[in-house]
Amino acid sequence: MTTSTEQLSTTTLLRFATAGSVDDGKSTLVGRLLHDSKSVLTDQLEAVEHASRNRGQEAPDLALLTDGLRAEREQGITIDVAYRYFATPRRRFILADTPGHVQYTRNMVTGASTAELAVVLVDARNGVVEQTRRHAAVAALLRVPHVVLAVNKMDLVDYAEPVFAAIAEEFTAYAASLGVPEITAIPISALAGDNVVEPSAHMDWYGGPTVLEHLETVPVSHDLTACHARFPVQYVIRPQTAEHPDYRGYAGQIAAGAFRVGEAVTVLPSGRTSTIAGIDALGESVDIAWAPQSVTVRLADDIDVSRGDLIAPADDAPAVTQDVEATVCHVADQPLAVGQRVLLKHTTRTVKAIVKDIPSRLTLDDLSQHPAPGQLVANDIGRVVVRTAEPLALDAYADSRRTGSFLLIDPADGTTLAAGMAGQSFAAAAPGDGAADDAEWDF
């Protein structure tokens, strides 16, 4: 008989994030998912029931399963990203429940940056609003390959199919124009449990999957080992002991791809070349290592390699540049202005930089570009040109979410100013059908 541990070891892992406007029911949906999939411990449910009774509610408020901060419970809103881990016999999940308030859009960037799927909630009474568009744009910019539109509170519109159909059509057209390759619309009531885990008895006109069924069956095909091989050096190991007098290893986590002993590599930004003499993983030598393993790489030649350098295959190395053109999501309260001095953090490398230009700011209503805004304020999405003091080995974000992303940081206090994606912003839609070309999402 297969044990539960053995079952989990053979299931796939899906990272997904929830997003939507204020009071669309994100936390309630997450609570319903956890509750109805039997992923809530008895003492957790008892604590929620107790807190709900103290607030005068007869039924347990499932949103309290994710809203853990006191301020969140008092105001009935989500402020910080809440991560939850649960599993079914078919798949394991890491869920990021992100806030809906405009001023917390920065948290949605954090939650969706590693997600393979985003669930965007819409209140059936309100339809697609500006914050819905903002979250769809962020999901598209971050190259989240699967987007689910959950039209919530269908019970408050009498489970009317035309209401759902109109919202689904508007959102799908908008997301497709951003280049999102797959959009799935599901009508739900998180409060009543309709189409969350169990099919709804009130919407016989809907024949698609429930939210959980879709989460369990959506293909998770992204394979880091198939990407361009990249190894950011985090630490140089020089024991200089009697046992290892000449040992020099470069430790870090493989960001993408695979490395083999004997492979010719280039160290960037210097451009010096060498051959991998050995790879150490968990104290033992191995012939091959792949993402996201943490390893120590030894080179055949004694060359200058330090923290922040990038090791890549000699025949597949990224271009080195000091002029970074990118799309950024501005996440700080203080504006980002032309001429501002910043720090740019890319993988394990942090360099001084200056904002040379802000060519445009994205207008979410019609996806038009507002030219030369001069600055970006909190939650703005815009194009920037940054000049770095030292060269960087930067991939396009469309090719690699890990080595194509970076942070802009305030050098005065270390505040994160913006999250950046190098290269083109939105993926191009495939001609004819409005769907994104799969090649645009091969990262």
# chains A, B, ... in the order shown; residues from 1 in each chain; ligands from 1
call {"tool": "select_by_dssp", "arguments": {"residues": "stretch 84-308 of chain A", "states": "alpha helix (DSSP H)", "output": "VMD selection string"}}
result
chain A and resid 105 to 112 130 to 141 161 to 177 211 to 217
call {"tool": "closest_residue", "arguments": {"among": "A:Asp309, A:Glu390, A:Glu161, A:Asp304", "to": "A:Thr321", "atoms": "only C-alpha atoms"}}
result
A:Glu390
call {"tool": "closest_residue", "arguments": {"among": "A:Ala255, A:Ala226, A:Val377, A:Ala87", "to": "A:Gln334", "atoms": "only C-alpha atoms"}}
result
A:Val377
call {"tool": "select_by_dssp", "arguments": {"residues": "stretch 100-338 of chain A", "states": "strand (DSSP E)", "output": "PyMOL selection string"}}
result
chain A and resi 117-123+146-152+183-187+231-232+235-237+249-253+258-260+264-268+272-281+284-286+288-290+294-299+310-313+320-330+336-337
call {"tool": "residues_around", "arguments": {"residues": "A:Ala396", "least_positions_apart": "3", "cutoff": "7 Å", "atoms": "only C-alpha atoms", "output": "list in words"}}
result
Asp399, Ser400, Gly404, Ala422 and Gly423 of chain A
call {"tool": "residues_around", "arguments": {"residues": "A:Ala185", "least_positions_apart": "2", "cutoff": "7 Å", "atoms": "only C-alpha atoms", "output": "PyMOL selection string"}}
result
chain A and resi 148-150+168+183+187
call {"tool": "residues_around", "arguments": {"residues": "A:Gln424", "least_positions_apart": "5", "cutoff": "9 Å", "atoms": "only C-alpha atoms", "output": "number ranges by chain"}}
result
A: 325-327, 396-398
call {"tool": "write_last_selection", "arguments": {"atoms": "C-alpha atoms", "output": "mmCIF file, in the first residue's frame"}}
result
data_model
loop_
_atom_site.group_PDB
_atom_site.id
_atom_site.type_symbol
_atom_site.label_atom_id
_atom_site.label_comp_id
_atom_site.auth_asym_id
_atom_site.auth_seq_id
_atom_site.Cartn_x
_atom_site.Cartn_y
_atom_site.Cartn_z
ATOM 1 C CA GLU A 325 16.036 48.775 -20.843
ATOM 2 C CA ALA A 326 13.187 47.285 -18.877
ATOM 3 C CA THR A 327 9.617 47.474 -17.639
ATOM 4 C CA ALA A 396 15.707 39.115 -21.415
ATOM 5 C CA TYR A 397 12.908 38.398 -18.947
ATOM 6 C CA ALA A 398 11.004 36.591 -21.715
#
call {"tool": "atom_distance", "arguments": {"atom1": "atom CA of A:Leu268", "atom2": "atom CA of A:Leu310"}}
result
5.1 Å
call {"tool": "residues_around", "arguments": {"residues": "A:Met421", "least_positions_apart": "3", "cutoff": "12 Å", "atoms": "only C-alpha atoms", "output": "count of residues only"}}
result
39
call {"tool": "residues_around", "arguments": {"residues": "stretch 290-302 of chain A", "least_positions_apart": "2", "cutoff": "6 Å", "atoms": "only C-alpha atoms", "output": "number ranges by chain"}}
result
A: 224-225, 249-258, 274-281
call {"tool": "closest_atom_pairs", "arguments": {"of": "stretch 155-188 of chain A", "to": "stretch 117-127 of chain A", "cutoff": "10 Å", "atoms": "only C-alpha atoms", "output": "CSV"}}
result
residue,atom,partner,partner_atom,distance
A:Asp155,CA,A:Ala124,CA,9.0
A:Leu156,CA,A:Arg125,CA,7.4
A:Val157,CA,A:Arg125,CA,6.8
A:Tyr159,CA,A:Ala124,CA,9.3
A:Ala160,CA,A:Ala124,CA,9.5
A:Val163,CA,A:Ala124,CA,7.0
A:Phe164,CA,A:Ala124,CA,7.0
A:Ala166,CA,A:Gly127,CA,8.5
A:Ile167,CA,A:Gly127,CA,5.7
A:Ala168,CA,A:Gly127,CA,9.1
A:Glu170,CA,A:Gly127,CA,8.9
A:Phe171,CA,A:Gly127,CA,9.0
A:Glu182,CA,A:Leu117,CA,9.8
A:Ile183,CA,A:Ala118,CA,9.8
A:Thr184,CA,A:Val119,CA,9.4
A:Ala185,CA,A:Val120,CA,9.6
A:Ile186,CA,A:Leu121,CA,9.8
A:Pro187,CA,A:Ala124,CA,8.7
A:Ile188,CA,A:Ala124,CA,9.3
call {"tool": "write_last_selection", "arguments": {"atoms": "N, CA, C and O atoms", "output": "PDB file, in the first residue's frame"}}
result
ATOM      1  N   ASP A 155     -23.877  34.036  -6.396  1.00  0.00           N
ATOM      2  CA  ASP A 155     -25.129  33.896  -5.644  1.00  0.00           C
ATOM      3  C   ASP A 155     -25.852  35.233  -5.504  1.00  0.00           C
ATOM      4  O   ASP A 155     -27.081  35.271  -5.326  1.00  0.00           O
ATOM      5  N   LEU A 156     -25.100  36.345  -5.584  1.00  0.00           N
ATOM      6  CA  LEU A 156     -25.706  37.667  -5.430  1.00  0.00           C
ATOM      7  C   LEU A 156     -26.262  38.220  -6.733  1.00  0.00           C
ATOM      8  O   LEU A 156     -26.869  39.295  -6.737  1.00  0.00           O
ATOM      9  N   VAL A 157     -26.043  37.508  -7.832  1.00  0.00           N
ATOM     10  CA  VAL A 157     -26.649  37.902  -9.115  1.00  0.00           C
ATOM     11  C   VAL A 157     -27.525  36.772  -9.633  1.00  0.00           C
ATOM     12  O   VAL A 157     -27.730  36.617 -10.839  1.00  0.00           O
ATOM     13  N   TYR A 159     -27.060  33.669  -9.908  1.00  0.00           N
ATOM     14  CA  TYR A 159     -26.362  32.684 -10.735  1.00  0.00           C
ATOM     15  C   TYR A 159     -26.676  32.863 -12.223  1.00  0.00           C
ATOM     16  O   TYR A 159     -26.840  31.898 -12.971  1.00  0.00           O
ATOM     17  N   ALA A 160     -26.762  34.116 -12.660  1.00  0.00           N
ATOM     18  CA  ALA A 160     -27.173  34.420 -14.038  1.00  0.00           C
ATOM     19  C   ALA A 160     -26.024  34.198 -15.010  1.00  0.00           C
ATOM     20  O   ALA A 160     -24.958  34.808 -14.875  1.00  0.00           O
ATOM     21  N   VAL A 163     -24.525  37.358 -16.976  1.00  0.00           N
ATOM     22  CA  VAL A 163     -23.615  38.195 -16.193  1.00  0.00           C
ATOM     23  C   VAL A 163     -22.204  37.623 -16.264  1.00  0.00           C
ATOM     24  O   VAL A 163     -21.228  38.346 -16.525  1.00  0.00           O
ATOM     25  N   PHE A 164     -22.101  36.319 -16.062  1.00  0.00           N
ATOM     26  CA  PHE A 164     -20.793  35.653 -16.136  1.00  0.00           C
ATOM     27  C   PHE A 164     -20.196  35.768 -17.531  1.00  0.00           C
ATOM     28  O   PHE A 164     -19.011  36.089 -17.693  1.00  0.00           O
ATOM     29  N   ALA A 166     -20.648  37.966 -19.908  1.00  0.00           N
ATOM     30  CA  ALA A 166     -20.207  39.310 -20.269  1.00  0.00           C
ATOM     31  C   ALA A 166     -18.872  39.644 -19.608  1.00  0.00           C
ATOM     32  O   ALA A 166     -17.972  40.211 -20.236  1.00  0.00           O
ATOM     33  N   ILE A 167     -18.733  39.297 -18.332  1.00  0.00           N
ATOM     34  CA  ILE A 167     -17.484  39.568 -17.611  1.00  0.00           C
ATOM     35  C   ILE A 167     -16.347  38.742 -18.199  1.00  0.00           C
ATOM     36  O   ILE A 167     -15.232  39.240 -18.409  1.00  0.00           O
ATOM     37  N   ALA A 168     -16.613  37.456 -18.482  1.00  0.00           N
ATOM     38  CA  ALA A 168     -15.588  36.573 -19.033  1.00  0.00           C
ATOM     39  C   ALA A 168     -15.113  37.073 -20.390  1.00  0.00           C
ATOM     40  O   ALA A 168     -13.910  37.056 -20.693  1.00  0.00           O
ATOM     41  N   GLU A 170     -15.175  40.237 -21.551  1.00  0.00           N
ATOM     42  CA  GLU A 170     -14.404  41.481 -21.407  1.00  0.00           C
ATOM     43  C   GLU A 170     -13.004  41.201 -20.879  1.00  0.00           C
ATOM     44  O   GLU A 170     -12.015  41.723 -21.404  1.00  0.00           O
ATOM     45  N   PHE A 171     -12.897  40.357 -19.849  1.00  0.00           N
ATOM     46  CA  PHE A 171     -11.594  40.078 -19.255  1.00  0.00           C
ATOM     47  C   PHE A 171     -10.706  39.296 -20.219  1.00  0.00           C
ATOM     48  O   PHE A 171      -9.508  39.574 -20.341  1.00  0.00           O
ATOM     49  N   GLU A 182      -3.051  31.601 -21.794  1.00  0.00           N
ATOM     50  CA  GLU A 182      -4.196  30.747 -21.428  1.00  0.00           C
ATOM     51  C   GLU A 182      -5.038  31.426 -20.366  1.00  0.00           C
ATOM     52  O   GLU A 182      -4.537  31.805 -19.308  1.00  0.00           O
ATOM     53  N   ILE A 183      -6.330  31.573 -20.642  1.00  0.00           N
ATOM     54  CA  ILE A 183      -7.260  32.196 -19.704  1.00  0.00           C
ATOM     55  C   ILE A 183      -8.440  31.259 -19.516  1.00  0.00           C
ATOM     56  O   ILE A 183      -9.071  30.842 -20.496  1.00  0.00           O
ATOM     57  N   THR A 184      -8.741  30.911 -18.276  1.00  0.00           N
ATOM     58  CA  THR A 184      -9.857  30.033 -17.959  1.00  0.00           C
ATOM     59  C   THR A 184     -10.816  30.766 -17.040  1.00  0.00           C
ATOM     60  O   THR A 184     -10.411  31.242 -15.969  1.00  0.00           O
ATOM     61  N   ALA A 185     -12.082  30.892 -17.442  1.00  0.00           N
ATOM     62  CA  ALA A 185     -13.083  31.595 -16.643  1.00  0.00           C
ATOM     63  C   ALA A 185     -13.974  30.585 -15.918  1.00  0.00           C
ATOM     64  O   ALA A 185     -14.467  29.635 -16.540  1.00  0.00           O
ATOM     65  N   ILE A 186     -14.176  30.803 -14.602  1.00  0.00           N
ATOM     66  CA  ILE A 186     -14.972  29.893 -13.789  1.00  0.00           C
ATOM     67  C   ILE A 186     -15.932  30.717 -12.924  1.00  0.00           C
ATOM     68  O   ILE A 186     -15.487  31.600 -12.188  1.00  0.00           O
ATOM     69  N   PRO A 187     -17.249  30.449 -12.994  1.00  0.00           N
ATOM     70  CA  PRO A 187     -18.204  31.155 -12.121  1.00  0.00           C
ATOM     71  C   PRO A 187     -18.252  30.468 -10.755  1.00  0.00           C
ATOM     72  O   PRO A 187     -18.429  29.252 -10.664  1.00  0.00           O
ATOM     73  N   ILE A 188     -18.123  31.259  -9.681  1.00  0.00           N
ATOM     74  CA  ILE A 188     -18.053  30.651  -8.341  1.00  0.00           C
ATOM     75  C   ILE A 188     -18.822  31.495  -7.322  1.00  0.00           C
ATOM     76  O   ILE A 188     -19.173  32.650  -7.572  1.00  0.00           O
TER      77      ILE A 188
END
call {"tool": "atom_distance", "arguments": {"atom1": "atom CA of A:Tyr235", "atom2": "atom CA of A:Asp315"}}
result
24.5 Å
call {"tool": "closest_residue", "arguments": {"among": "A:Ser306, A:Phe16, A:Arg84, A:Val265", "to": "A:Ser39", "atoms": "only C-alpha atoms"}}
result
A:Arg84
call {"tool": "closest_residue", "arguments": {"among": "A:Asp158, A:Val218, A:Val128, A:Arg91", "to": "A:Pro145", "atoms": "only C-alpha atoms"}}
result
A:Val218
